[in-house]
file structure-v7.cif (mmCIF, C-alpha atoms)
data_input
loop_
_atom_site.group_PDB
_atom_site.id
_atom_site.type_symbol
_atom_site.label_atom_id
_atom_site.label_comp_id
_atom_site.auth_asym_id
_atom_site.auth_seq_id
_atom_site.Cartn_x
_atom_site.Cartn_y
_atom_site.Cartn_z
ATOM 1 C CA MET A 1 -26.113 30.757 3.319
ATOM 2 C CA ILE A 2 -24.699 34.137 2.403
ATOM 3 C CA ARG A 3 -27.330 36.744 3.129
ATOM 4 C CA ARG A 4 -28.474 39.421 0.764
ATOM 5 C CA ASP A 5 -28.056 43.130 1.370
ATOM 6 C CA ILE A 6 -24.505 42.835 2.722
ATOM 7 C CA VAL A 7 -23.895 46.233 1.156
ATOM 8 C CA VAL A 8 -25.896 47.793 3.965
ATOM 9 C CA SER A 9 -23.671 46.257 6.631
ATOM 10 C CA ILE A 10 -22.557 49.519 8.139
ATOM 11 C CA LEU A 11 -26.144 50.772 8.312
ATOM 12 C CA ALA A 12 -27.271 47.722 10.224
ATOM 13 C CA ALA A 13 -24.279 47.803 12.515
ATOM 14 C CA GLY A 14 -24.421 51.533 13.149
ATOM 15 C CA LEU A 15 -28.104 51.581 13.971
ATOM 16 C CA LEU A 16 -27.718 48.814 16.491
ATOM 17 C CA ILE A 17 -24.528 49.673 18.308
ATOM 18 C CA ALA A 18 -25.087 49.067 21.991
ATOM 19 C CA GLY A 19 -23.066 49.188 25.180
ATOM 20 C CA LEU A 20 -21.518 46.197 26.839
ATOM 21 C CA SER A 21 -24.488 45.985 29.206
ATOM 22 C CA HIS A 22 -26.365 44.116 26.463
ATOM 23 C CA ALA A 23 -23.799 41.315 26.357
ATOM 24 C CA SER A 24 -24.366 38.105 28.264
ATOM 25 C CA SER A 25 -22.391 37.442 31.429
ATOM 26 C CA ALA A 26 -20.226 34.877 29.606
ATOM 27 C CA ILE A 27 -16.785 36.378 28.999
ATOM 28 C CA ILE A 28 -13.580 34.815 27.756
ATOM 29 C CA GLU A 29 -10.238 36.603 27.801
ATOM 30 C CA THR A 30 -7.442 35.917 25.343
ATOM 31 C CA GLN A 31 -4.000 37.494 25.142
ATOM 32 C CA HIS A 32 -5.338 40.664 23.514
ATOM 33 C CA LEU A 33 -9.124 40.422 23.704
ATOM 34 C CA ILE A 34 -12.074 40.340 26.079
ATOM 35 C CA VAL A 35 -14.756 38.379 24.225
ATOM 36 C CA SER A 36 -18.441 38.235 25.154
ATOM 37 C CA ASP A 37 -21.737 36.916 23.784
ATOM 38 C CA ALA A 38 -24.596 39.357 23.145
ATOM 39 C CA THR A 39 -26.792 36.674 21.578
ATOM 40 C CA GLY A 40 -27.338 34.758 24.797
ATOM 41 C CA LYS A 41 -27.249 31.610 22.702
ATOM 42 C CA LEU A 42 -23.596 30.626 22.453
ATOM 43 C CA SER A 43 -22.408 27.771 24.617
ATOM 44 C CA LYS A 44 -19.156 28.182 26.505
ATOM 45 C CA ASP A 45 -17.407 25.989 23.934
ATOM 46 C CA GLN A 46 -18.852 28.032 21.042
ATOM 47 C CA LEU A 47 -17.785 31.292 22.646
ATOM 48 C CA LYS A 48 -14.324 29.842 23.294
ATOM 49 C CA SER A 49 -14.084 28.831 19.631
ATOM 50 C CA SER A 50 -15.181 32.307 18.507
ATOM 51 C CA ALA A 51 -12.703 33.936 20.886
ATOM 52 C CA ASP A 52 -9.858 31.761 19.602
ATOM 53 C CA GLN A 53 -10.826 32.625 16.029
ATOM 54 C CA ALA A 54 -10.837 36.375 16.770
ATOM 55 C CA GLN A 55 -7.496 36.134 18.580
ATOM 56 C CA ALA A 56 -5.970 34.219 15.661
ATOM 57 C CA ILE A 57 -7.156 36.848 13.179
ATOM 58 C CA LEU A 58 -5.812 39.643 15.359
ATOM 59 C CA GLU A 59 -2.459 37.897 15.613
ATOM 60 C CA ARG A 60 -2.287 37.693 11.814
ATOM 61 C CA ILE A 61 -3.150 41.405 11.617
ATOM 62 C CA LEU A 62 -0.430 42.314 14.120
ATOM 63 C CA ALA A 63 2.100 40.186 12.233
ATOM 64 C CA PHE A 64 1.130 41.670 8.864
ATOM 65 C CA TRP A 65 1.442 45.252 10.134
ATOM 66 C CA SER A 66 4.332 44.545 12.573
ATOM 67 C CA ALA A 67 2.227 46.310 15.192
ATOM 68 C CA ASP A 68 1.222 45.934 18.805
ATOM 69 C CA SER A 69 -2.376 45.662 19.948
ATOM 70 C CA GLY A 70 -2.404 48.915 21.917
ATOM 71 C CA ILE A 71 -3.157 47.257 25.249
ATOM 72 C CA ASP A 72 -0.807 49.596 27.127
ATOM 73 C CA ARG A 73 -2.738 52.635 25.867
ATOM 74 C CA PHE A 74 -6.309 51.408 25.667
ATOM 75 C CA GLY A 75 -6.532 48.023 27.368
ATOM 76 C CA LYS A 76 -7.677 44.856 25.654
ATOM 77 C CA ILE A 77 -10.016 45.101 22.670
ATOM 78 C CA ARG A 78 -13.577 44.079 23.545
ATOM 79 C CA VAL A 79 -15.079 41.759 20.926
ATOM 80 C CA VAL A 80 -18.831 41.263 21.232
ATOM 81 C CA PHE A 81 -20.506 38.541 19.175
ATOM 82 C CA ASP A 82 -24.058 39.456 18.206
ATOM 83 C CA VAL A 83 -26.800 38.119 15.945
ATOM 84 C CA PRO A 84 -26.909 39.250 12.305
ATOM 85 C CA ARG A 85 -29.077 42.337 11.845
ATOM 86 C CA ARG A 86 -31.622 42.198 9.017
ATOM 87 C CA ASP A 87 -29.828 39.052 7.824
ATOM 88 C CA VAL A 88 -26.580 40.985 7.490
ATOM 89 C CA TYR A 89 -23.264 39.471 8.581
ATOM 90 C CA SER A 90 -20.787 42.242 9.370
ATOM 91 C CA SER A 91 -18.655 43.912 12.047
ATOM 92 C CA VAL A 92 -18.247 47.424 13.395
ATOM 93 C CA PHE A 93 -15.623 49.231 15.480
ATOM 94 C CA TYR A 94 -16.505 51.988 17.943
ATOM 95 C CA TRP A 95 -15.373 53.584 21.182
ATOM 96 C CA ASP A 96 -17.216 53.221 24.473
ATOM 97 C CA LYS A 97 -16.436 54.055 28.091
ATOM 98 C CA LYS A 98 -16.002 51.822 31.130
ATOM 99 C CA ASP A 99 -15.133 53.188 34.561
ATOM 100 C CA GLY A 100 -14.411 56.547 32.949
ATOM 101 C CA GLU A 101 -11.878 55.090 30.501
ATOM 102 C CA ARG A 102 -12.239 54.828 26.741
ATOM 103 C CA ILE A 103 -12.405 51.255 25.517
ATOM 104 C CA ARG A 104 -12.285 49.772 22.023
ATOM 105 C CA ILE A 105 -15.164 47.588 20.912
ATOM 106 C CA VAL A 106 -15.519 45.417 17.828
ATOM 107 C CA ARG A 107 -19.070 44.112 17.542
ATOM 108 C CA VAL A 108 -19.370 41.119 15.233
ATOM 109 C CA PHE A 109 -22.810 40.514 13.713
ATOM 110 C CA SER A 110 -22.335 36.821 13.055
ATOM 111 C CA SER A 111 -22.435 33.645 15.085
ATOM 112 C CA GLU A 112 -21.555 31.077 12.439
ATOM 113 C CA GLY A 113 -18.842 30.613 9.856
ATOM 114 C CA LEU A 114 -15.979 33.031 9.254
ATOM 115 C CA PRO A 115 -17.063 36.556 10.303
ATOM 116 C CA GLN A 116 -17.181 39.323 7.731
ATOM 117 C CA MET A 117 -15.312 42.609 8.218
ATOM 118 C CA MET A 118 -13.820 41.442 11.519
ATOM 119 C CA ALA A 119 -10.234 41.787 10.260
ATOM 120 C CA HIS A 120 -11.155 45.221 8.876
ATOM 121 C CA LYS A 121 -12.588 46.434 12.177
ATOM 122 C CA LEU A 122 -9.890 44.874 14.355
ATOM 123 C CA THR A 123 -7.410 46.834 12.238
ATOM 124 C CA SER A 124 -9.387 50.000 12.974
ATOM 125 C CA ALA A 125 -9.077 49.176 16.674
ATOM 126 C CA VAL A 126 -5.299 48.708 16.366
ATOM 127 C CA PHE A 127 -4.899 51.893 14.283
ATOM 128 C CA PRO A 128 -7.561 54.368 15.470
ATOM 129 C CA GLN A 129 -8.067 56.913 12.700
ATOM 130 C CA LYS A 130 -10.613 59.711 12.199
ATOM 131 C CA ASP A 131 -10.156 59.926 8.429
ATOM 132 C CA LYS A 132 -12.528 57.415 6.838
ATOM 133 C CA LEU A 133 -10.371 57.040 3.721
ATOM 134 C CA ILE A 134 -7.267 56.045 5.673
ATOM 135 C CA ARG A 135 -9.242 53.902 8.104
ATOM 136 C CA ASN A 136 -10.866 51.928 5.291
ATOM 137 C CA MET A 137 -7.713 51.797 3.193
ATOM 138 C CA MET A 138 -5.932 49.976 6.018
ATOM 139 C CA GLY A 139 -8.923 47.902 7.103
ATOM 140 C CA ILE A 140 -9.787 46.576 3.644
ATOM 141 C CA LEU A 141 -6.120 45.748 3.045
ATOM 142 C CA SER A 142 -6.115 43.656 6.233
ATOM 143 C CA GLU A 143 -9.348 41.920 5.266
ATOM 144 C CA ALA A 144 -7.932 41.012 1.863
ATOM 145 C CA GLN A 145 -4.688 39.733 3.370
ATOM 146 C CA VAL A 146 -5.828 37.797 6.451
ATOM 147 C CA GLY A 147 -9.627 37.947 6.629
ATOM 148 C CA ASN A 148 -12.666 36.769 4.713
ATOM 149 C CA PRO A 149 -12.569 37.352 0.922
ATOM 150 C CA LEU A 150 -16.380 37.344 0.827
ATOM 151 C CA THR A 151 -16.410 40.534 2.871
ATOM 152 C CA PHE A 152 -17.719 43.819 1.441
ATOM 153 C CA PRO A 153 -16.507 45.470 -0.777
ATOM 154 C CA MET A 154 -14.619 42.528 -2.334
ATOM 155 C CA CYS A 155 -17.622 40.233 -2.083
ATOM 156 C CA GLY A 156 -15.675 37.219 -3.302
ATOM 157 C CA PHE A 157 -13.742 38.965 -6.049
ATOM 158 C CA SER A 158 -10.997 41.590 -5.870
ATOM 159 C CA SER A 159 -11.340 45.304 -5.270
ATOM 160 C CA ASP A 160 -9.329 45.683 -8.496
ATOM 161 C CA ASP A 161 -12.074 43.838 -10.407
ATOM 162 C CA TRP A 162 -14.731 46.219 -9.138
ATOM 163 C CA VAL A 163 -12.671 49.330 -9.934
ATOM 164 C CA LEU A 164 -11.953 48.161 -13.484
ATOM 165 C CA ALA A 165 -15.693 47.606 -13.896
ATOM 166 C CA LEU A 166 -16.380 51.128 -12.611
ATOM 167 C CA LEU A 167 -13.906 52.552 -15.120
ATOM 168 C CA LYS A 168 -15.681 50.724 -17.927
ATOM 169 C CA MET A 169 -18.974 52.172 -16.692
ATOM 170 C CA LYS A 170 -17.410 55.646 -16.491
ATOM 171 C CA SER A 171 -18.632 55.679 -12.910
ATOM 172 C CA TYR A 172 -15.314 56.125 -11.112
ATOM 173 C CA ILE A 173 -15.080 58.544 -8.159
ATOM 174 C CA PRO A 174 -11.767 60.462 -7.836
ATOM 175 C CA ILE A 175 -9.999 59.657 -4.564
ATOM 176 C CA ASN A 176 -9.876 63.330 -3.572
ATOM 177 C CA GLU A 177 -13.677 63.393 -3.565
ATOM 178 C CA LEU A 178 -13.792 60.804 -0.777
ATOM 179 C CA GLY A 179 -13.734 62.922 2.353
ATOM 180 C CA PRO A 180 -12.706 62.050 5.909
ATOM 181 C CA ASP A 181 -16.309 61.729 7.084
ATOM 182 C CA HIS A 182 -19.336 59.798 5.824
ATOM 183 C CA GLU A 183 -21.205 62.119 3.456
ATOM 184 C CA SER A 184 -19.012 61.656 0.400
ATOM 185 C CA TRP A 185 -19.214 57.880 0.808
ATOM 186 C CA GLY A 186 -22.956 57.733 0.216
ATOM 187 C CA MET A 187 -23.598 57.645 3.948
ATOM 188 C CA LYS A 188 -24.944 59.924 6.655
ATOM 189 C CA ASP A 189 -24.158 60.283 10.331
ATOM 190 C CA ALA A 190 -27.231 60.861 12.456
ATOM 191 C CA GLY A 191 -25.157 61.250 15.606
ATOM 192 C CA GLY A 192 -24.771 58.902 18.519
ATOM 193 C CA GLY A 193 -22.990 56.355 16.359
ATOM 194 C CA LYS A 194 -25.969 55.873 14.051
ATOM 195 C CA LEU A 195 -25.095 55.651 10.370
ATOM 196 C CA SER A 196 -27.390 55.373 7.399
ATOM 197 C CA ILE A 197 -26.726 54.663 3.734
ATOM 198 C CA HIS A 198 -28.433 56.986 1.277
ATOM 199 C CA ASP A 199 -26.536 55.833 -1.839
ATOM 200 C CA LYS A 200 -25.611 52.118 -1.864
ATOM 201 C CA ALA A 201 -23.951 52.265 -5.268
ATOM 202 C CA LYS A 202 -21.710 55.146 -4.225
ATOM 203 C CA GLN A 203 -20.816 53.365 -1.004
ATOM 204 C CA HIS A 204 -19.680 50.250 -2.869
ATOM 205 C CA LYS A 205 -17.711 52.314 -5.397
ATOM 206 C CA ALA A 206 -15.966 54.261 -2.654
ATOM 207 C CA TYR A 207 -15.029 51.195 -0.619
ATOM 208 C CA ALA A 208 -13.862 49.199 -3.645
ATOM 209 C CA GLU A 209 -11.699 52.059 -4.876
ATOM 210 C CA THR A 210 -10.203 52.524 -1.425
ATOM 211 C CA GLY A 211 -9.413 48.820 -1.167
ATOM 212 C CA SER A 212 -7.764 48.723 -4.579
ATOM 213 C CA PHE A 213 -5.812 51.936 -3.998
ATOM 214 C CA GLY A 214 -4.629 50.766 -0.564
ATOM 215 C CA ASN A 215 -3.423 47.496 -2.067
ATOM 216 C CA TYR A 216 -1.528 49.421 -4.785
ATOM 217 C CA LEU A 217 0.225 51.546 -2.161
ATOM 218 C CA PHE A 218 1.123 48.394 -0.225
ATOM 219 C CA LEU A 219 2.548 46.587 -3.272
ATOM 220 C CA THR A 220 4.369 49.678 -4.563
ATOM 221 C CA TYR A 221 5.663 51.346 -1.401
ATOM 222 C CA GLY A 222 5.433 48.702 1.309
ATOM 223 C CA ILE A 223 3.669 48.383 4.630
ATOM 224 C CA ASN A 224 5.924 50.796 6.522
ATOM 225 C CA LYS A 225 4.997 53.683 4.229
ATOM 226 C CA ILE A 226 1.296 53.088 4.873
ATOM 227 C CA LYS A 227 1.955 53.010 8.621
ATOM 228 C CA GLN A 228 3.923 56.245 8.307
ATOM 229 C CA PHE A 229 1.063 57.791 6.359
ATOM 230 C CA HIS A 230 -1.384 56.789 9.096
ATOM 231 C CA ARG A 231 0.899 58.142 11.819
ATOM 232 C CA LEU A 232 1.556 61.510 10.155
ATOM 233 C CA SER A 233 -2.107 61.916 9.240
ATOM 234 C CA LEU A 234 -2.923 62.158 12.940
ATOM 235 C CA GLN A 235 -1.250 65.581 12.889
ATOM 236 C CA LYS A 236 -1.591 66.596 9.226
ATOM 237 C CA ASP A 237 -4.357 66.070 6.671
ATOM 238 C CA ARG A 238 -3.455 63.281 4.245
ATOM 239 C CA PRO A 239 0.320 63.848 3.878
ATOM 240 C CA TRP A 240 0.680 62.166 0.470
ATOM 241 C CA GLN A 241 3.671 64.248 -0.629
ATOM 242 C CA ASP A 242 5.482 63.890 2.679
ATOM 243 C CA VAL A 243 5.259 60.103 2.698
ATOM 244 C CA PHE A 244 5.177 58.994 -0.934
ATOM 245 C CA GLY A 245 7.086 61.852 -2.543
ATOM 246 C CA ILE A 246 4.251 62.741 -4.941
ATOM 247 C CA GLY A 247 0.767 64.188 -4.620
ATOM 248 C CA ILE A 248 -2.522 62.322 -4.715
ATOM 249 C CA GLN A 249 -3.205 63.150 -8.368
ATOM 250 C CA LYS A 250 0.016 61.452 -9.495
ATOM 251 C CA LEU A 251 -0.458 58.548 -7.098
ATOM 252 C CA GLU A 252 -3.953 58.024 -8.439
ATOM 253 C CA GLU A 253 -2.769 58.257 -12.033
ATOM 254 C CA ASN A 254 -0.041 55.654 -11.427
ATOM 255 C CA TRP A 255 -2.473 53.323 -9.648
ATOM 256 C CA LEU A 256 -5.060 53.439 -12.435
ATOM 257 C CA LYS A 257 -2.348 52.988 -15.077
ATOM 258 C CA THR A 258 -1.156 49.851 -13.270
ATOM 259 C CA LEU A 259 -4.719 48.528 -13.060
ATOM 260 C CA LYS A 260 -5.316 49.032 -16.767
ATOM 261 C CA THR A 261 -1.991 47.423 -17.651
ATOM 262 C CA ASN A 262 -3.083 44.234 -15.897
ATOM 263 C CA GLU A 263 -6.694 44.403 -17.040
ATOM 264 C CA ILE A 264 -6.444 41.677 -19.654
ATOM 265 C CA THR A 265 -5.671 39.095 -16.954
ATOM 266 C CA ARG A 266 -8.868 40.009 -15.109
ATOM 267 C CA ASP A 267 -11.292 40.216 -18.029
ATOM 268 C CA GLU A 268 -13.560 37.373 -16.917
ATOM 269 C CA ASN A 269 -13.918 38.655 -13.338
ATOM 270 C CA VAL A 270 -14.388 42.236 -14.472
ATOM 271 C CA SER A 271 -17.108 41.201 -16.893
ATOM 272 C CA THR A 272 -18.887 39.288 -14.133
ATOM 273 C CA VAL A 273 -18.931 42.092 -11.562
ATOM 274 C CA LEU A 274 -19.726 44.654 -14.255
ATOM 275 C CA ASN A 275 -22.870 42.725 -15.192
ATOM 276 C CA LEU A 276 -23.871 42.415 -11.544
ATOM 277 C CA PHE A 277 -23.365 46.092 -10.862
ATOM 278 C CA GLU A 278 -25.162 47.240 -13.987
ATOM 279 C CA ARG A 279 -28.096 44.945 -13.273
ATOM 280 C CA ASN A 280 -28.614 46.123 -9.698
ATOM 281 C CA SER A 281 -25.933 48.056 -7.819
ATOM 282 C CA SER A 282 -27.759 47.534 -4.508
ATOM 283 C CA THR A 283 -27.526 43.730 -4.661
ATOM 284 C CA ALA A 284 -24.298 43.334 -6.646
ATOM 285 C CA CYS A 285 -22.218 42.407 -3.603
ATOM 286 C CA ALA A 286 -24.669 39.828 -2.256
ATOM 287 C CA GLU A 287 -25.126 38.262 -5.701
ATOM 288 C CA SER A 288 -21.367 38.047 -6.238
ATOM 289 C CA GLN A 289 -20.964 36.375 -2.837
ATOM 290 C CA GLU A 290 -23.580 33.782 -3.724
ATOM 291 C CA LEU A 291 -21.987 33.224 -7.126
ATOM 292 C CA VAL A 292 -18.548 32.607 -5.617
ATOM 293 C CA THR A 293 -19.979 30.375 -2.877
ATOM 294 C CA ARG A 294 -21.813 28.179 -5.402
ATOM 295 C CA LYS A 295 -18.603 27.644 -7.375
ATOM 296 C CA ARG A 296 -16.693 26.363 -4.356
#

call {"tool": "encode", "arguments": {"input": "structure-v7.cif", "output": "structure tokens"}}
result
Amino acid sequence: MIRRDIVVSILAAGLLIAGLSHASSAIIETQHLIVSDATGKLSKDQLKSSADQAQAILERILAFWSADSGIDRFGKIRVVFDVPRRDVYSSVFYWDKKDGERIRIVRVFSSEGLPQMMAHKLTSAVFPQKDKLIRNMMGILSEAQVGNPLTFPMCGFSSDDWVLALLKMKSYIPINELGPDHESWGMKDAGGGKLSIHDKAKQHKAYAETGSFGNYLFLTYGINKIKQFHRLSLQKDRPWQDVFGIGIQKLEENWLKTLKTNEITRDENVSTVLNLFERNSSTACAESQELVTRKR
């Protein structure tokens, strides 16, 4: 059963990030991953199945981006399977240290079914990025391409559907207002890796817009341009002009024009998510997940 309150996934994950010492002693290594069980409940066969699933998703991510896993620089990615927090299925990426070396950790808050946000967070591990906009733009694109379509912010629909609904509501947030840190995304950083959500509606808007915009850039300019944008952004703040030849205002204008041009083909979906969001923005994602699941 798809749990409610998926919108607060990052809150639940951030508040409960823990070191590898909390994982059980069971560990399985794959080509690119070191996978462990923090639940203490997975059998060896279940952990092996989960490890194979994570490795398969990572391989699809690496193929999609034509990238390497970064083992030479950072070692294998540690994937820790944990129990859902507050009935939330999600994943989170963060850095930790082992023997004085930085290590990449993806903690997956799910022990059944196809994990949510795992493709997103594995992408963050492959392409470490301080700017939240770029990090989510790439992560949500991966999730849509090779991950779980029920994952936030798509929630069973398309990020385009949610953005078109936001435009109808006159509740759209300009891309330039989404900063590199958490505050402008309806979130707060309490330090020590602990995140909280103070505006669920704004969080969903920001993530949906980022997913839709990232997909537009991919379809219009190709994957290599997005990789170039990520790479240059490590030395220069959001080099839109350098990579795409135009500034963010024009990019945003072209993206929204393309969305509106294709709006008529999405009317039914847009109407559905619009009703869900207007009724209760805090539960819109969970309700859309349940709606899509029932129709399957």

call {"tool": "axis_aligned_box", "arguments": {"input": "structure-v7.cif", "around": "range 202-207 of chain A", "padding_each_side": "3 Å", "output": "JSON"}}
result
{"center_x": -18.4, "center_y": 52.7, "center_z": -3.0, "size_x": 12.7, "size_y": 10.9, "size_z": 10.8}

call {"tool": "resolve_selection", "arguments": {"input": "structure-v7.cif", "expression": "the PyMOL selection byres ((chain A and resi 52) around 10)", "output": "compact mmCIF listing (two decimals) with C-alpha atoms, in the coordinates of the input"}}
result
# COMPACT_ATOMS: atom_id res chain seq x y z
CA ILE A 28 -13.58 34.82 27.76
CA GLU A 29 -10.24 36.60 27.80
CA THR A 30 -7.44 35.92 25.34
CA GLN A 31 -4.00 37.49 25.14
CA LEU A 33 -9.12 40.42 23.70
CA VAL A 35 -14.76 38.38 24.22
CA GLN A 46 -18.85 28.03 21.04
CA LEU A 47 -17.78 31.29 22.65
CA LYS A 48 -14.32 29.84 23.29
CA SER A 49 -14.08 28.83 19.63
CA SER A 50 -15.18 32.31 18.51
CA ALA A 51 -12.70 33.94 20.89
CA GLN A 53 -10.83 32.62 16.03
CA ALA A 54 -10.84 36.38 16.77
CA GLN A 55 -7.50 36.13 18.58
CA ALA A 56 -5.97 34.22 15.66
CA ILE A 57 -7.16 36.85 13.18
CA LEU A 58 -5.81 39.64 15.36

call {"tool": "resolve_selection", "arguments": {"input": "structure-v7.cif", "expression": "the PyMOL selection byres ((chain A and resi 214-223) around 10)", "output": "PyMOL selection string"}}
result
chain A and resi 64-66+133-134+136-142+144-145+159-160+208-213+224-229+243-244+251-252+254-256+258-259

call {"tool": "residues_around", "arguments": {"input": "structure-v7.cif", "residues": "Asp131 in chain A", "least_positions_apart": "4", "cutoff": "8 Å", "atoms": "only C-alpha atoms", "output": "VMD selection string"}}
result
chain A and resid 135 179 to 181

call {"tool": "residues_around", "arguments": {"input": "structure-v7.cif", "residues": "Val79 in chain A", "least_positions_apart": "4", "cutoff": "7 Å", "atoms": "all atoms listed in the file", "output": "ChimeraX atom specification"}}
result
/A:33-36,105-107

call {"tool": "residues_around", "arguments": {"input": "structure-v7.cif", "residues": "Leu274 in chain A", "least_positions_apart": "4", "cutoff": "8 Å", "atoms": "all atoms listed in the file", "output": "ChimeraX atom specification"}}
result
/A:162,165-166,169,270,278

call {"tool": "atom_distance", "arguments": {"input": "structure-v7.cif", "atom1": "CA of Cys155 in chain A", "atom2": "CA of Glu287 in chain A"}}
result
8.6 Å

call {"tool": "closest_residue", "arguments": {"input": "structure-v7.cif", "among": "A:His32, A:Lys188, A:Lys44, A:Lys202", "to": "Arg104 in chain A", "atoms": "all atoms listed in the file"}}
result
A:His32

call {"tool": "atom_distance", "arguments": {"input": "structure-v7.cif", "atom1": "CA of Ala201 in chain A", "atom2": "CA of Tyr172 in chain A"}}
result
11.1 Å

call {"tool": "closest_residue", "arguments": {"input": "structure-v7.cif", "among": "A:Lys236, A:Arg78, A:Lys121, A:Arg73", "to": "Phe93 in chain A", "atoms": "all atoms listed in the file"}}
result
A:Lys121

call {"tool": "resolve_selection", "arguments": {"input": "structure-v7.cif", "expression": "the PyMOL selection byres ((chain A and resi 203) around 12)", "output": "number ranges by chain"}}
result
A: 6-11, 136, 152-153, 172-173, 178, 182-188, 196-202, 204-210, 281-282, 285

call {"tool": "atom_distance", "arguments": {"input": "structure-v7.cif", "atom1": "CA of Ala38 in chain A", "atom2": "CA of Leu114 in chain A"}}
result
17.5 Å

call {"tool": "closest_residue", "arguments": {"input": "structure-v7.cif", "among": "A:Ser43, A:Ser91, A:Thr272, A:Asp99", "to": "Ala284 in chain A", "atoms": "all atoms listed in the file"}}
result
A:Thr272

call {"tool": "closest_residue", "arguments": {"input": "structure-v7.cif", "among": "A:Leu167, A:Val126, A:Val92, A:Met118", "to": "Ile71 in chain A", "atoms": "only C-alpha atoms"}}
result
A:Val126

call {"tool": "closest_residue", "arguments": {"input": "structure-v7.cif", "among": "A:Ala67, A:Ile248, A:Leu122, A:Met117", "to": "Asn148 in chain A", "atoms": "all atoms listed in the file"}}
result
A:Met117

call {"tool": "closest_residue", "arguments": {"input": "structure-v7.cif", "among": "A:His230, A:Lys250, A:Lys295, A:Lys260", "to": "Phe127 in chain A", "atoms": "all atoms listed in the file"}}
result
A:His230

call {"tool": "build_atoms", "arguments": {"input": "structure-v7.cif", "residues": "range 134-149 of chain A", "atoms": "N, CA and C atoms", "output": "compact mmCIF listing (two decimals), keeping the file's coordinate frame"}}
result
# COMPACT_ATOMS: atom_id res chain seq x y z
N ILE A 134 -8.44 56.75 5.16
CA ILE A 134 -7.27 56.04 5.67
C ILE A 134 -7.69 54.83 6.49
N ARG A 135 -8.72 55.00 7.28
CA ARG A 135 -9.24 53.90 8.10
C ARG A 135 -9.66 52.72 7.23
N ASN A 136 -10.40 53.01 6.17
CA ASN A 136 -10.87 51.93 5.29
C ASN A 136 -9.76 51.38 4.41
N MET A 137 -8.84 52.24 4.00
CA MET A 137 -7.71 51.80 3.19
C MET A 137 -6.92 50.71 3.93
N MET A 138 -6.68 50.94 5.22
CA MET A 138 -5.93 49.98 6.02
C MET A 138 -6.79 48.76 6.38
N GLY A 139 -8.05 49.00 6.70
CA GLY A 139 -8.92 47.90 7.10
C GLY A 139 -9.21 46.93 5.97
N ILE A 140 -9.49 47.45 4.78
CA ILE A 140 -9.79 46.58 3.64
C ILE A 140 -8.54 45.81 3.23
N LEU A 141 -7.37 46.45 3.34
CA LEU A 141 -6.12 45.75 3.04
C LEU A 141 -5.94 44.56 3.98
N SER A 142 -6.21 44.77 5.27
CA SER A 142 -6.12 43.66 6.23
C SER A 142 -7.10 42.55 5.90
N GLU A 143 -8.33 42.92 5.57
CA GLU A 143 -9.35 41.92 5.27
C GLU A 143 -8.92 41.07 4.07
N ALA A 144 -8.36 41.73 3.06
CA ALA A 144 -7.93 41.01 1.86
C ALA A 144 -6.75 40.10 2.16
N GLN A 145 -5.90 40.49 3.09
CA GLN A 145 -4.69 39.73 3.37
C GLN A 145 -4.93 38.58 4.35
N VAL A 146 -5.72 38.81 5.39
CA VAL A 146 -5.83 37.80 6.45
C VAL A 146 -7.26 37.48 6.85
N GLY A 147 -8.24 38.12 6.22
CA GLY A 147 -9.63 37.95 6.63
C GLY A 147 -10.46 37.10 5.68
N ASN A 148 -11.68 37.51 5.50
CA ASN A 148 -12.67 36.77 4.71
C ASN A 148 -12.83 37.42 3.34
N PRO A 149 -12.47 36.75 2.26
CA PRO A 149 -12.57 37.35 0.92
C PRO A 149 -14.00 37.62 0.47
